[in-house]
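Okay, final08.tsv is below, TSV, C-alpha atoms and all ligand atoms:
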chain	number	residue	atom	x	y	z
A	1	MET	CA	-16.27	-14.80	-10.77
A	2	ARG	CA	-15.26	-17.49	-8.32
A	3	VAL	CA	-13.67	-17.66	-4.88
A	4	THR	CA	-10.57	-19.89	-4.99
A	5	PRO	CA	-7.76	-20.53	-2.47
A	6	GLN	CA	-5.74	-17.86	-4.31
A	7	GLY	CA	-8.55	-15.33	-4.03
A	8	LEU	CA	-11.19	-13.91	-6.36
A	9	TRP	CA	-10.85	-15.41	-9.83
A	10	CYS	CA	-12.49	-14.09	-12.97
A	11	GLU	CA	-13.01	-17.34	-14.82
A	12	ALA	CA	-13.92	-15.89	-18.22
A	13	GLY	CA	-10.93	-13.53	-18.24
A	14	ASP	CA	-8.60	-15.96	-16.45
A	15	PHE	CA	-7.17	-13.46	-13.98
A	16	PHE	CA	-7.26	-12.94	-10.21
A	17	ILE	CA	-8.03	-9.79	-8.25
A	18	ASP	CA	-5.68	-9.17	-5.29
A	19	PRO	CA	-4.65	-12.85	-5.09
A	20	VAL	CA	-2.97	-13.99	-1.87
A	21	ARG	CA	-0.57	-16.30	-3.74
A	22	ALA	CA	1.53	-15.84	-6.85
A	23	VAL	CA	-0.59	-16.28	-10.00
A	24	PRO	CA	0.02	-15.87	-13.76
A	25	HIS	CA	-2.36	-12.89	-14.17
A	26	ALA	CA	-3.28	-10.49	-11.36
A	27	VAL	CA	-5.23	-7.24	-11.16
A	28	ILE	CA	-4.24	-5.30	-8.03
A	29	THR	CA	-6.53	-2.76	-6.35
A	30	HIS	CA	-3.86	-1.03	-4.22
A	31	GLY	CA	-0.42	-1.36	-2.69
A	32	HIS	CA	-1.20	-2.60	0.85
A	33	SER	CA	0.52	-5.92	1.35
A	34	ASP	CA	-2.69	-7.85	2.01
A	35	HIS	CA	-3.77	-6.99	-1.55
A	36	ALA	CA	-0.49	-6.65	-3.43
A	37	ARG	CA	1.65	-9.78	-3.14
A	38	PRO	CA	4.99	-10.44	-4.78
A	39	ASP	CA	5.95	-12.76	-7.65
A	40	HIS	CA	2.91	-12.66	-9.91
A	41	GLY	CA	3.36	-13.12	-13.65
A	42	ALA	CA	1.56	-10.23	-15.32
A	43	VAL	CA	0.30	-7.48	-13.00
A	44	LEU	CA	-2.27	-4.87	-13.95
A	45	GLY	CA	-2.82	-1.81	-11.77
A	46	THR	CA	-2.75	1.98	-11.71
A	47	PRO	CA	0.68	3.53	-12.37
A	48	GLU	CA	0.83	4.60	-8.71
A	49	THR	CA	0.03	1.11	-7.40
A	50	LEU	CA	2.67	-0.43	-9.68
A	51	ALA	CA	5.22	2.13	-8.46
A	52	ILE	CA	4.34	1.34	-4.82
A	53	MET	CA	4.67	-2.40	-5.47
A	54	THR	CA	8.03	-1.97	-7.17
A	55	GLN	CA	9.34	0.19	-4.35
A	56	ARG	CA	8.24	-2.25	-1.66
A	57	MET	CA	9.06	-5.56	-3.34
A	58	GLY	CA	11.97	-4.61	-5.55
A	59	GLU	CA	12.14	-4.53	-9.33
A	60	GLY	CA	12.16	-8.30	-9.82
A	61	ARG	CA	9.26	-9.26	-7.56
A	62	ALA	CA	6.50	-6.77	-8.42
A	63	GLY	CA	5.28	-8.82	-11.36
A	64	ARG	CA	7.32	-10.31	-14.22
A	65	SER	CA	5.51	-7.81	-16.42
A	66	GLN	CA	3.50	-4.77	-15.40
A	67	GLN	CA	0.65	-3.12	-17.25
A	68	ALA	CA	-0.35	0.33	-16.07
A	69	LEU	CA	-3.94	1.43	-16.43
A	70	GLY	CA	-4.90	4.96	-15.42
A	71	TYR	CA	-8.27	5.79	-13.85
A	72	GLY	CA	-11.04	5.45	-16.42
A	73	GLU	CA	-8.87	3.62	-18.95
A	74	GLY	CA	-9.89	0.18	-20.11
A	75	VAL	CA	-8.46	-3.04	-21.50
A	76	VAL	CA	-10.11	-6.24	-22.64
A	77	ARG	CA	-8.83	-9.63	-21.59
A	78	ASN	CA	-10.43	-12.78	-23.07
A	79	GLY	CA	-13.62	-10.83	-23.73
A	80	VAL	CA	-13.81	-9.29	-20.24
A	81	ALA	CA	-13.56	-5.47	-20.22
A	82	ILE	CA	-11.46	-4.23	-17.28
A	83	ARG	CA	-11.58	-0.64	-16.05
A	84	LEU	CA	-10.05	0.96	-12.93
A	85	VAL	CA	-11.86	3.76	-11.07
A	86	PRO	CA	-10.80	5.62	-7.90
A	87	ALA	CA	-11.41	3.99	-4.51
A	88	GLY	CA	-10.28	6.91	-2.30
A	89	HIS	CA	-8.29	4.62	0.04
A	90	VAL	CA	-4.59	5.38	-0.60
A	91	LEU	CA	-2.55	6.80	-3.51
A	92	GLY	CA	-3.42	4.86	-6.67
A	93	SER	CA	-6.14	2.75	-5.03
A	94	ALA	CA	-8.71	1.54	-7.51
A	95	GLN	CA	-11.95	-0.34	-7.84
A	96	VAL	CA	-11.89	-2.95	-10.57
A	97	VAL	CA	-14.91	-2.69	-12.90
A	98	LEU	CA	-15.50	-5.82	-15.00
A	99	ASP	CA	-18.02	-5.97	-17.85
A	100	TRP	CA	-18.79	-9.30	-19.46
A	101	GLN	CA	-21.76	-10.33	-21.58
A	102	GLY	CA	-23.92	-7.47	-20.42
A	103	SER	CA	-23.34	-7.80	-16.69
A	104	ARG	CA	-21.06	-5.78	-14.46
A	105	ILE	CA	-19.21	-6.63	-11.26
A	106	VAL	CA	-17.25	-4.04	-9.27
A	107	ILE	CA	-14.51	-5.17	-6.87
A	108	SER	CA	-13.90	-2.18	-4.63
A	109	GLY	CA	-10.81	-3.37	-2.73
A	110	ASP	CA	-10.51	-1.14	0.34
A	111	TYR	CA	-12.20	2.26	0.12
A	112	LYS	CA	-13.38	5.31	1.94
A	113	ARG	CA	-15.78	8.09	0.98
A	114	ARG	CA	-14.14	11.11	2.64
A	115	LEU	CA	-12.08	13.69	0.82
A	116	ASP	CA	-8.39	12.88	1.16
A	117	PRO	CA	-5.81	15.35	-0.18
A	118	THR	CA	-3.46	12.45	-0.97
A	119	CYS	CA	-5.67	10.40	-3.27
A	120	THR	CA	-8.55	10.62	-5.73
A	121	LEU	CA	-12.09	10.54	-4.34
A	122	PHE	CA	-14.10	7.29	-4.51
A	123	GLU	CA	-16.37	7.09	-7.52
A	124	PRO	CA	-19.54	4.99	-7.22
A	125	VAL	CA	-20.23	2.81	-10.28
A	126	GLU	CA	-23.63	1.18	-10.76
A	127	CYS	CA	-23.32	-2.57	-11.14
A	128	ASP	CA	-25.00	-5.96	-10.83
A	129	VAL	CA	-22.65	-7.29	-8.17
A	130	PHE	CA	-20.66	-5.08	-5.80
A	131	VAL	CA	-17.78	-6.58	-3.84
A	132	THR	CA	-17.03	-4.71	-0.62
A	133	GLU	CA	-14.94	-4.94	2.51
A	134	ALA	CA	-16.58	-4.62	5.93
A	135	THR	CA	-13.74	-3.64	8.28
A	136	PHE	CA	-15.88	-1.15	10.22
A	137	ALA	CA	-19.30	-2.65	9.52
A	138	LEU	CA	-20.93	-2.10	12.88
A	139	PRO	CA	-23.33	0.75	13.70
A	140	VAL	CA	-20.98	1.98	16.44
A	141	PHE	CA	-18.34	2.87	13.89
A	142	ARG	CA	-18.87	6.44	12.74
A	143	HIS	CA	-15.60	8.13	11.97
A	144	PRO	CA	-15.53	11.76	13.15
A	145	PRO	CA	-14.29	14.38	10.66
A	146	ALA	CA	-10.53	13.89	10.28
A	147	ASP	CA	-9.84	17.63	10.69
A	148	VAL	CA	-11.45	17.50	14.14
A	149	GLU	CA	-9.07	14.70	15.14
A	150	VAL	CA	-6.06	16.57	13.77
A	151	GLY	CA	-7.27	19.63	15.72
A	152	ARG	CA	-7.13	17.53	18.91
A	153	LEU	CA	-3.54	16.61	18.12
A	154	LEU	CA	-2.56	20.25	17.58
A	155	ASP	CA	-4.33	21.27	20.82
A	156	SER	CA	-2.26	18.72	22.70
A	157	VAL	CA	0.97	19.95	21.05
A	158	ARG	CA	0.17	23.46	22.27
A	159	LEU	CA	-0.73	22.17	25.72
A	160	PHE	CA	2.50	20.18	26.18
A	161	PRO	CA	5.28	22.19	24.53
A	162	ASP	CA	7.95	20.33	26.50
A	163	ARG	CA	7.01	16.96	25.08
A	164	ALA	CA	7.32	15.39	21.65
A	165	HIS	CA	4.11	14.02	20.09
A	166	LEU	CA	4.65	10.59	18.56
A	167	VAL	CA	1.88	9.43	16.23
A	168	GLY	CA	1.74	5.77	15.19
A	169	VAL	CA	0.62	5.41	11.57
A	170	TYR	CA	0.61	2.93	8.69
A	171	ALA	CA	3.49	3.61	6.32
A	172	LEU	CA	1.32	3.60	3.20
A	173	GLY	CA	-1.62	5.97	3.20
A	174	LYS	CA	-2.30	6.99	6.78
A	175	CYS	CA	1.12	8.57	7.20
A	176	GLN	CA	0.81	10.78	4.14
A	177	ARG	CA	-2.84	11.64	4.77
A	178	LEU	CA	-2.08	12.71	8.32
A	179	ILE	CA	0.78	14.91	7.11
A	180	ALA	CA	-1.47	16.49	4.46
A	181	LEU	CA	-4.20	17.08	7.07
A	182	LEU	CA	-1.68	18.75	9.38
A	183	ARG	CA	-0.60	21.01	6.52
A	184	GLN	CA	-4.23	21.88	5.79
A	185	ALA	CA	-4.67	22.76	9.46
A	186	GLY	CA	-1.80	25.24	9.15
A	187	TRP	CA	1.03	23.21	10.73
A	188	ASP	CA	3.97	24.37	8.60
A	189	ARG	CA	6.81	23.30	10.89
A	190	PRO	CA	8.97	20.37	9.81
A	191	ILE	CA	7.31	17.01	10.47
A	192	TRP	CA	9.74	14.40	11.78
A	193	LEU	CA	9.67	10.87	10.44
A	194	HIS	CA	10.90	7.49	11.63
A	195	GLY	CA	13.21	6.02	8.99
A	196	GLY	CA	10.59	3.44	8.04
A	197	LEU	CA	8.28	6.13	6.66
A	198	LEU	CA	10.65	8.17	4.50
A	199	ALA	CA	10.65	6.20	1.26
A	200	MET	CA	6.86	6.09	0.86
A	201	CYS	CA	6.57	9.82	1.53
A	202	GLU	CA	9.18	10.43	-1.17
A	203	LEU	CA	7.16	8.27	-3.56
A	204	TYR	CA	4.03	10.34	-2.83
A	205	ALA	CA	6.01	13.54	-3.44
A	206	ARG	CA	7.23	12.16	-6.78
A	207	HIS	CA	3.57	11.65	-7.69
A	208	GLY	CA	2.77	15.28	-7.03
A	209	ILE	CA	1.49	15.05	-3.42
A	210	ASP	CA	3.11	17.97	-1.61
A	211	LEU	CA	3.78	17.04	2.02
A	212	GLY	CA	5.95	20.02	2.94
A	213	ASP	CA	9.14	19.88	5.00
A	214	LEU	CA	9.76	16.29	6.17
A	215	ARG	CA	12.87	15.32	8.12
A	216	PRO	CA	14.27	12.10	9.53
A	217	VAL	CA	14.29	11.89	13.34
A	218	PRO	CA	17.94	12.57	14.26
A	219	MET	CA	20.14	10.23	16.25
A	220	PRO	CA	20.67	11.32	19.85
A	221	ALA	CA	24.00	13.11	20.38
A	222	LYS	CA	25.02	10.54	22.97
A	223	ARG	CA	24.05	6.88	23.09
A	224	GLY	CA	20.92	6.57	25.19
A	225	ALA	CA	20.41	10.30	25.47
A	226	GLY	CA	16.85	11.51	25.07
A	227	GLY	CA	15.11	14.83	25.07
A	228	LEU	CA	14.80	15.35	21.33
A	229	LEU	CA	12.02	17.15	19.45
A	230	ALA	CA	10.06	18.73	22.29
A	231	GLY	CA	7.06	20.59	20.89
A	232	GLU	CA	7.35	18.78	17.56
A	233	ILE	CA	5.23	16.18	15.76
A	234	VAL	CA	6.92	12.84	15.03
A	235	LEU	CA	5.39	10.06	12.92
A	236	ALA	CA	6.47	6.43	13.22
A	237	PRO	CA	5.14	3.06	12.09
A	238	THR	CA	2.65	1.55	14.51
A	239	GLY	CA	4.62	-0.33	17.15
A	240	ALA	CA	7.71	1.89	17.17
A	241	GLU	CA	6.52	3.37	20.45
A	242	ALA	CA	7.31	0.01	22.07
A	243	THR	CA	10.94	-0.10	20.86
A	244	PRO	CA	14.12	1.51	22.27
A	245	TRP	CA	14.01	3.95	19.34
A	246	VAL	CA	11.41	5.98	21.24
A	247	ARG	CA	13.81	6.81	24.09
A	248	ARG	CA	15.44	9.56	22.08
A	249	LEU	CA	12.24	11.63	22.13
A	250	ALA	CA	11.40	14.19	24.81
A	251	GLU	CA	8.78	12.58	27.08
A	252	PRO	CA	6.70	11.54	24.09
A	253	VAL	CA	2.90	11.79	24.14
A	254	ILE	CA	1.96	8.49	22.49
A	255	CYS	CA	-0.73	9.00	19.84
A	256	ALA	CA	-2.13	6.66	17.19
A	257	ALA	CA	-4.22	7.35	14.10
A	258	SER	CA	-6.61	4.52	13.26
A	259	GLY	CA	-10.29	3.80	12.93
A	260	TRP	CA	-9.82	1.35	15.81
A	261	MET	CA	-8.98	4.20	18.15
A	262	ARG	CA	-12.73	4.47	18.52
A	263	VAL	CA	-12.52	1.44	20.80
A	264	ARG	CA	-11.22	2.93	24.02
A	265	GLN	CA	-9.96	-0.36	25.46
A	266	ARG	CA	-7.89	-0.96	22.39
A	267	ALA	CA	-6.17	2.41	22.69
A	268	LYS	CA	-5.59	1.78	26.38
A	269	SER	CA	-4.12	-1.69	25.92
A	270	LYS	CA	-1.67	-0.30	23.38
A	271	GLY	CA	-0.61	2.46	25.75
A	272	VAL	CA	-2.01	5.18	23.52
A	273	GLU	CA	-2.49	8.44	25.43
A	274	LEU	CA	-4.08	10.38	22.62
A	275	PRO	CA	-6.15	8.18	20.26
A	276	LEU	CA	-6.97	9.84	16.94
A	277	ILE	CA	-9.88	8.33	15.04
A	278	VAL	CA	-8.66	8.71	11.48
A	279	SER	CA	-9.55	5.88	9.13
A	280	ASP	CA	-8.96	5.09	5.47
A	281	HIS	CA	-11.94	2.74	5.45
A	282	ALA	CA	-15.62	3.48	5.07
A	283	ASP	CA	-17.57	3.62	8.33
A	284	TRP	CA	-20.97	1.99	8.87
A	285	GLU	CA	-23.03	4.77	7.30
A	286	GLU	CA	-20.66	5.05	4.36
A	287	LEU	CA	-20.78	1.32	3.68
A	288	LEU	CA	-24.58	1.42	3.54
A	289	GLN	CA	-24.56	4.65	1.52
A	290	THR	CA	-22.19	3.06	-1.00
A	291	VAL	CA	-24.29	-0.09	-1.33
A	292	GLU	CA	-27.27	2.13	-2.06
A	293	GLU	CA	-25.45	4.30	-4.61
A	294	VAL	CA	-24.09	1.42	-6.68
A	295	ARG	CA	-27.64	-0.02	-6.86
A	296	ALA	CA	-26.37	-3.60	-7.00
A	297	PRO	CA	-29.03	-6.22	-6.22
A	298	GLU	CA	-26.26	-8.44	-4.88
A	299	VAL	CA	-23.28	-7.54	-2.67
A	300	TRP	CA	-20.39	-9.80	-1.75
A	301	VAL	CA	-18.46	-9.05	1.44
A	302	THR	CA	-14.77	-9.99	1.40
A	303	HIS	CA	-13.76	-9.65	5.07
A	304	GLY	CA	-14.52	-7.83	8.29
A	305	ARG	CA	-17.89	-7.65	10.07
A	306	ASP	CA	-19.75	-9.32	7.24
A	307	ASP	CA	-22.53	-10.62	9.51
A	308	ALA	CA	-23.73	-7.14	10.48
A	309	LEU	CA	-23.49	-5.77	6.96
A	310	VAL	CA	-25.21	-8.73	5.30
A	311	HIS	CA	-28.05	-8.44	7.81
A	312	ALA	CA	-28.47	-4.69	7.33
A	313	MET	CA	-28.45	-5.06	3.55
A	314	GLY	CA	-31.06	-7.79	3.76
A	315	LEU	CA	-33.40	-5.32	5.49
A	316	ARG	CA	-32.87	-3.03	2.49
A	317	GLY	CA	-33.67	-5.72	-0.07
A	318	VAL	CA	-30.05	-6.32	-1.09
A	319	LYS	CA	-28.81	-9.89	-1.22
A	320	GLY	CA	-25.55	-10.16	0.72
A	321	ARG	CA	-23.00	-12.95	0.60
A	322	ALA	CA	-19.99	-13.35	2.90
A	323	LEU	CA	-16.91	-14.55	1.00
A	324	HIS	CA	-14.60	-14.98	4.01
A	325	LEU	CA	-11.55	-14.24	1.88
A	326	LEU	CA	-8.35	-15.35	3.56
A	327	GLY	CA	-5.29	-13.24	4.13
A	328	ARG	CA	-7.05	-9.89	4.22
A	329	GLY	CA	-6.25	-7.20	6.73
A	330	GLU	CA	-2.61	-8.03	7.20
A	331	GLU	CA	-1.44	-4.51	6.68
A	332	ASP	CA	-3.87	-1.68	7.05
A	333	GLU	CA	-6.46	-1.16	9.74
A	334	ALA	CA	-8.08	-4.54	9.28
A	335	LEU	CA	-4.91	-5.93	10.88
A	336	GLU	CA	-6.20	-4.91	14.26
A	337	ALA	CA	-9.67	-6.26	13.74
A	338	PRO	CA	-11.08	-8.26	16.63
A	339	ALA	CA	-11.57	-11.97	16.03
A	340	PRO	CA	-14.72	-12.42	13.93
A	341	SER	CA	-16.26	-14.51	16.71
A	342	GLY	CA	-15.67	-11.69	19.23
A	343	GLU	CA	-18.47	-9.74	20.78
A	344	ALA	CA	-19.41	-6.41	19.32
A	345	PRO	CA	-17.71	-3.67	21.31
A	346	GLY	CA	-20.08	-2.43	23.99
A	347	ALA	CA	-21.08	1.20	24.24
A	348	GLU	CA	-19.01	1.73	27.38
A	349	GLU	CA	-15.80	0.80	25.58
A	350	MET	CA	-16.18	3.36	22.87
A	351	ALA	CA	-14.58	6.75	22.87
A	352	ALA	CA	-17.17	9.38	22.09
A	353	PRO	CA	-16.24	11.72	19.27
A	354	ALA	CA	-18.23	14.94	19.10
A	355	GLY	CA	-21.80	14.42	17.96
A	356	ALA	CA	-21.67	10.66	18.03
A	357	GLU	CA	-23.11	10.10	21.50
A	358	ARG	CA	-26.62	9.54	20.25
A	359	GLU	CA	-25.65	6.50	18.22
A	360	MET	CA	-23.84	4.83	21.08
A	361	GLY	CA	-26.95	3.04	22.28
A	362	ALA	CA	-27.23	1.32	18.93
A	363	GLY	CA	-23.93	-0.51	19.51
A	364	GLY	CA	-24.18	-3.96	18.01
A	365	ALA	CA	-27.94	-3.66	17.48
A	366	ASP	CA	-27.69	-4.98	13.96
A	367	ALA	CA	-24.99	-7.52	14.71
A	401	ZN	ZN	-5.79	-1.22	2.16
A	402	ZN	ZN	-7.05	-4.41	2.98
Written as structure tokens, that's how I'd like the structure from this file.
Ligand SMILES: [Zn+2]
Ligand SMILES: [Zn+2]
Amino acid sequence: MRVTPQGLWCEAGDFFIDPVRAVPHAVITHGHSDHARPDHGAVLGTPETLAIMTQRMGEGRAGRSQQALGYGEGVVRNGVAIRLVPAGHVLGSAQVVLDWQGSRIVISGDYKRRLDPTCTLFEPVECDVFVTEATFALPVFRHPPADVEVGRLLDSVRLFPDRAHLVGVYALGKCQRLIALLRQAGWDRPIWLHGGLLAMCELYARHGIDLGDLRPVPMPAKRGAGGLLAGEIVLAPTGAEATPWVRRLAEPVICAASGWMRVRQRAKSKGVELPLIVSDHADWEELLQTVEEVRAPEVWVTHGRDDALVHAMGLRGVKGRALHLLGRGEEDEALEAPAPSGEAPGAEEMAAPAGAEREMGAGGADA
């Protein structure tokens, strides 16, 4: 396995994992655009990931040929056995398990450890080398339970019945998870969607993920008229709150669902009134827990706060290596990551989810 300008390259098998440029043979962990790029030759992925790629890129650009591999299924390429196992990140997300000449490397892509009604739970696989992301690899990042965050949203909806609640989400993954969490919490009213979110929700529904009654946000009756959807929940791609589109909504309460909402300044600078800390990435504890469970003596860190994670692993006798892969984090939460040279967020900047106060003092201690 080698790091090349195109990304991680399995030399023996002659294929790339999540390459950032078009390559002849690619294995794709999941459909986010920083992992799934257009115009590869042969693409291998789960059926869901291939469907997501085709929907987003169009028939011609999601690989000249596609090979679907379900969870647990295997193929062999040039003597390298390839298997895909669930990563728990978004629909179809997979870890790539490679066995070659008695040694095993697992490339986990993006992952989380929490239960998510819209995708299959992460499955730890013991290996010799584990490749991980480190988006939230600082001790201050402890994601609160997602149902608690959704409860805060529903409390606010009850408190402000004359206003619409607009939640900024990522179109792939966060949107559908938030809808499923709202359904679990008993919200059975229609959920209103910005046009940019409809197609992916339909794809999830086609794959058996029931999201209930979803409707497009209507056009205002008169140009420039507002006042729509008071008391309702509206989902839109992150950033829509800053466009004229938002004017049609009744005095919207601006919300956002992201792991970064833990950083209070970040929420504030984006004009978010109600930050919801809901993440599809592992938090600090979960990263360390995962490293322990896979029992790999060596862990490679693709992107994110690799310095803190490599240091913490070293204290646990695990050899860490920062890969500094380029082009990561262009779509999901890693997009909003602070510059790697930036200071660790101080305790005073952090929102305090229930039960997390105690850890606040540890902010950046391992960084
Ligand atoms: Zn992702
Ligand atoms: Zn990513």
Next on the checklist: Can you pull out every residue with an atom within 12 Å of ligand ZN 402 (chain A)? Use all atoms listed in the file and format it as JSON, numbers by chain.
Outcome noted: {"A": [18, 19, 20, 28, 29, 30, 31, 32, 33, 34, 35, 36, 37, 89, 90, 93, 108, 109, 110, 111, 112, 132, 133, 134, 135, 136, 172, 173, 280, 281, 282, 302, 303, 304, 325, 326, 327, 328, 329, 330, 331, 332, 333, 334, 335, 336, 337]}
So that I have them on file, write out the residues from the current selection with C-alpha atoms, as a PDB file, keeping the file's coordinate frame.
ATOM      1  CA  ASP A  18      -5.680  -9.170  -5.290  1.00  0.00           C
ATOM      2  CA  PRO A  19      -4.650 -12.850  -5.090  1.00  0.00           C
ATOM      3  CA  VAL A  20      -2.970 -13.990  -1.870  1.00  0.00           C
ATOM      4  CA  ILE A  28      -4.240  -5.300  -8.030  1.00  0.00           C
ATOM      5  CA  THR A  29      -6.530  -2.760  -6.350  1.00  0.00           C
ATOM      6  CA  HIS A  30      -3.860  -1.030  -4.220  1.00  0.00           C
ATOM      7  CA  GLY A  31      -0.420  -1.360  -2.690  1.00  0.00           C
ATOM      8  CA  HIS A  32      -1.200  -2.600   0.850  1.00  0.00           C
ATOM      9  CA  SER A  33       0.520  -5.920   1.350  1.00  0.00           C
ATOM     10  CA  ASP A  34      -2.690  -7.850   2.010  1.00  0.00           C
ATOM     11  CA  HIS A  35      -3.770  -6.990  -1.550  1.00  0.00           C
ATOM     12  CA  ALA A  36      -0.490  -6.650  -3.430  1.00  0.00           C
ATOM     13  CA  ARG A  37       1.650  -9.780  -3.140  1.00  0.00           C
ATOM     14  CA  HIS A  89      -8.290   4.620   0.040  1.00  0.00           C
ATOM     15  CA  VAL A  90      -4.590   5.380  -0.600  1.00  0.00           C
ATOM     16  CA  SER A  93      -6.140   2.750  -5.030  1.00  0.00           C
ATOM     17  CA  SER A 108     -13.900  -2.180  -4.630  1.00  0.00           C
ATOM     18  CA  GLY A 109     -10.810  -3.370  -2.730  1.00  0.00           C
ATOM     19  CA  ASP A 110     -10.510  -1.140   0.340  1.00  0.00           C
ATOM     20  CA  TYR A 111     -12.200   2.260   0.120  1.00  0.00           C
ATOM     21  CA  LYS A 112     -13.380   5.310   1.940  1.00  0.00           C
ATOM     22  CA  THR A 132     -17.030  -4.710  -0.620  1.00  0.00           C
ATOM     23  CA  GLU A 133     -14.940  -4.940   2.510  1.00  0.00           C
ATOM     24  CA  ALA A 134     -16.580  -4.620   5.930  1.00  0.00           C
ATOM     25  CA  THR A 135     -13.740  -3.640   8.280  1.00  0.00           C
ATOM     26  CA  PHE A 136     -15.880  -1.150  10.220  1.00  0.00           C
ATOM     27  CA  LEU A 172       1.320   3.600   3.200  1.00  0.00           C
ATOM     28  CA  GLY A 173      -1.620   5.970   3.200  1.00  0.00           C
ATOM     29  CA  ASP A 280      -8.960   5.090   5.470  1.00  0.00           C
ATOM     30  CA  HIS A 281     -11.940   2.740   5.450  1.00  0.00           C
ATOM     31  CA  ALA A 282     -15.620   3.480   5.070  1.00  0.00           C
ATOM     32  CA  THR A 302     -14.770  -9.990   1.400  1.00  0.00           C
ATOM     33  CA  HIS A 303     -13.760  -9.650   5.070  1.00  0.00           C
ATOM     34  CA  GLY A 304     -14.520  -7.830   8.290  1.00  0.00           C
ATOM     35  CA  LEU A 325     -11.550 -14.240   1.880  1.00  0.00           C
ATOM     36  CA  LEU A 326      -8.350 -15.350   3.560  1.00  0.00           C
ATOM     37  CA  GLY A 327      -5.290 -13.240   4.130  1.00  0.00           C
ATOM     38  CA  ARG A 328      -7.050  -9.890   4.220  1.00  0.00           C
ATOM     39  CA  GLY A 329      -6.250  -7.200   6.730  1.00  0.00           C
ATOM     40  CA  GLU A 330      -2.610  -8.030   7.200  1.00  0.00           C
ATOM     41  CA  GLU A 331      -1.440  -4.510   6.680  1.00  0.00           C
ATOM     42  CA  ASP A 332      -3.870  -1.680   7.050  1.00  0.00           C
ATOM     43  CA  GLU A 333      -6.460  -1.160   9.740  1.00  0.00           C
ATOM     44  CA  ALA A 334      -8.080  -4.540   9.280  1.00  0.00           C
ATOM     45  CA  LEU A 335      -4.910  -5.930  10.880  1.00  0.00           C
ATOM     46  CA  GLU A 336      -6.200  -4.910  14.260  1.00  0.00           C
ATOM     47  CA  ALA A 337      -9.670  -6.260  13.740  1.00  0.00           C
TER      48      ALA A 337
END
Item to check | Polymer residues at most 10 Å from A:Trp187, only C-alpha atoms, same-chain spacing of 4 or more positions, as an MDAnalysis selection string | outcome: chainID A and resid 154 179:183 191 212 233
For A:Val278: contacts at 8 Å, all atoms listed in the file, fewer than 6 positions along chain excluded, given as a PDB file with C-alpha atoms, keeping the file's coordinate frame:
ATOM      1  CA  HIS A 143     -15.600   8.130  11.970  1.00  0.00           C
ATOM      2  CA  PRO A 144     -15.530  11.760  13.150  1.00  0.00           C
ATOM      3  CA  ALA A 146     -10.530  13.890  10.280  1.00  0.00           C
ATOM      4  CA  GLU A 149      -9.070  14.700  15.140  1.00  0.00           C
ATOM      5  CA  ALA A 257      -4.220   7.350  14.100  1.00  0.00           C
ATOM      6  CA  SER A 258      -6.610   4.520  13.260  1.00  0.00           C
ATOM      7  CA  GLY A 259     -10.290   3.800  12.930  1.00  0.00           C
TER       8      GLY A 259
END
Next on the checklist: Let me make sure I understand: among A:Glu286, A:Glu11, A:Asp147, A:Asp162, which one has the smallest atom-to-atom distance to A:Gln184 if we use only C-alpha atoms?
Outcome noted: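 Nearest candidate to A:Gln184 out of A:Glu286, A:Glu11, A:Asp147, A:Asp162: A:Asp147.
Residue nearest ligand ZN 401 (chain A) within the list A:Leu84, A:Val125, A:Leu91, A:Ile277: A:Leu91 [criterion: smallest interatomic distance, all atoms listed in the file].
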Next on the checklist: Ranking A:Leu50, A:Ile254, A:Val23, A:Leu309 by minimum distance to A:Leu166 and counting all atoms listed in the file, which one comes first?
Outcome noted: A:Ile254
Next on the checklist: If I take atom CA of A:Pro190 and atom CA of A:Leu214, how far is one from the other in Å, to one decimal?
Outcome noted: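 Pair atom CA of A:Pro190 / atom CA of A:Leu214 returns 5.5 Å.
The interatomic distance for the pair atom CA of A:Asp116 and atom CA of A:Gly88 works out to 7.2 Å.
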Place a sphere of radius 12 Å on (-6.7, 1.1, 20.5) in the file coordinates and name every protein, DNA or RNA residue with an atom inside or on its surface, counting all atoms listed in the file; give the answer as a tab-separated table (two decimals) with C-alpha atoms, in the coordinates of the input.
chain	number	residue	atom	x	y	z
A	168	GLY	CA	1.74	5.77	15.19
A	238	THR	CA	2.65	1.55	14.51
A	239	GLY	CA	4.62	-0.33	17.15
A	254	ILE	CA	1.96	8.49	22.49
A	255	CYS	CA	-0.73	9.00	19.84
A	256	ALA	CA	-2.13	6.66	17.19
A	257	ALA	CA	-4.22	7.35	14.10
A	258	SER	CA	-6.61	4.52	13.26
A	259	GLY	CA	-10.29	3.80	12.93
A	260	TRP	CA	-9.82	1.35	15.81
A	261	MET	CA	-8.98	4.20	18.15
A	262	ARG	CA	-12.73	4.47	18.52
A	263	VAL	CA	-12.52	1.44	20.80
A	264	ARG	CA	-11.22	2.93	24.02
A	265	GLN	CA	-9.96	-0.36	25.46
A	266	ARG	CA	-7.89	-0.96	22.39
A	267	ALA	CA	-6.17	2.41	22.69
A	268	LYS	CA	-5.59	1.78	26.38
A	269	SER	CA	-4.12	-1.69	25.92
A	270	LYS	CA	-1.67	-0.30	23.38
A	271	GLY	CA	-0.61	2.46	25.75
A	272	VAL	CA	-2.01	5.18	23.52
A	273	GLU	CA	-2.49	8.44	25.43
A	274	LEU	CA	-4.08	10.38	22.62
A	275	PRO	CA	-6.15	8.18	20.26
A	276	LEU	CA	-6.97	9.84	16.94
A	277	ILE	CA	-9.88	8.33	15.04
A	278	VAL	CA	-8.66	8.71	11.48
A	333	GLU	CA	-6.46	-1.16	9.74
A	336	GLU	CA	-6.20	-4.91	14.26
A	337	ALA	CA	-9.67	-6.26	13.74
A	338	PRO	CA	-11.08	-8.26	16.63
A	349	GLU	CA	-15.80	0.80	25.58
A	350	MET	CA	-16.18	3.36	22.87
A	351	ALA	CA	-14.58	6.75	22.87
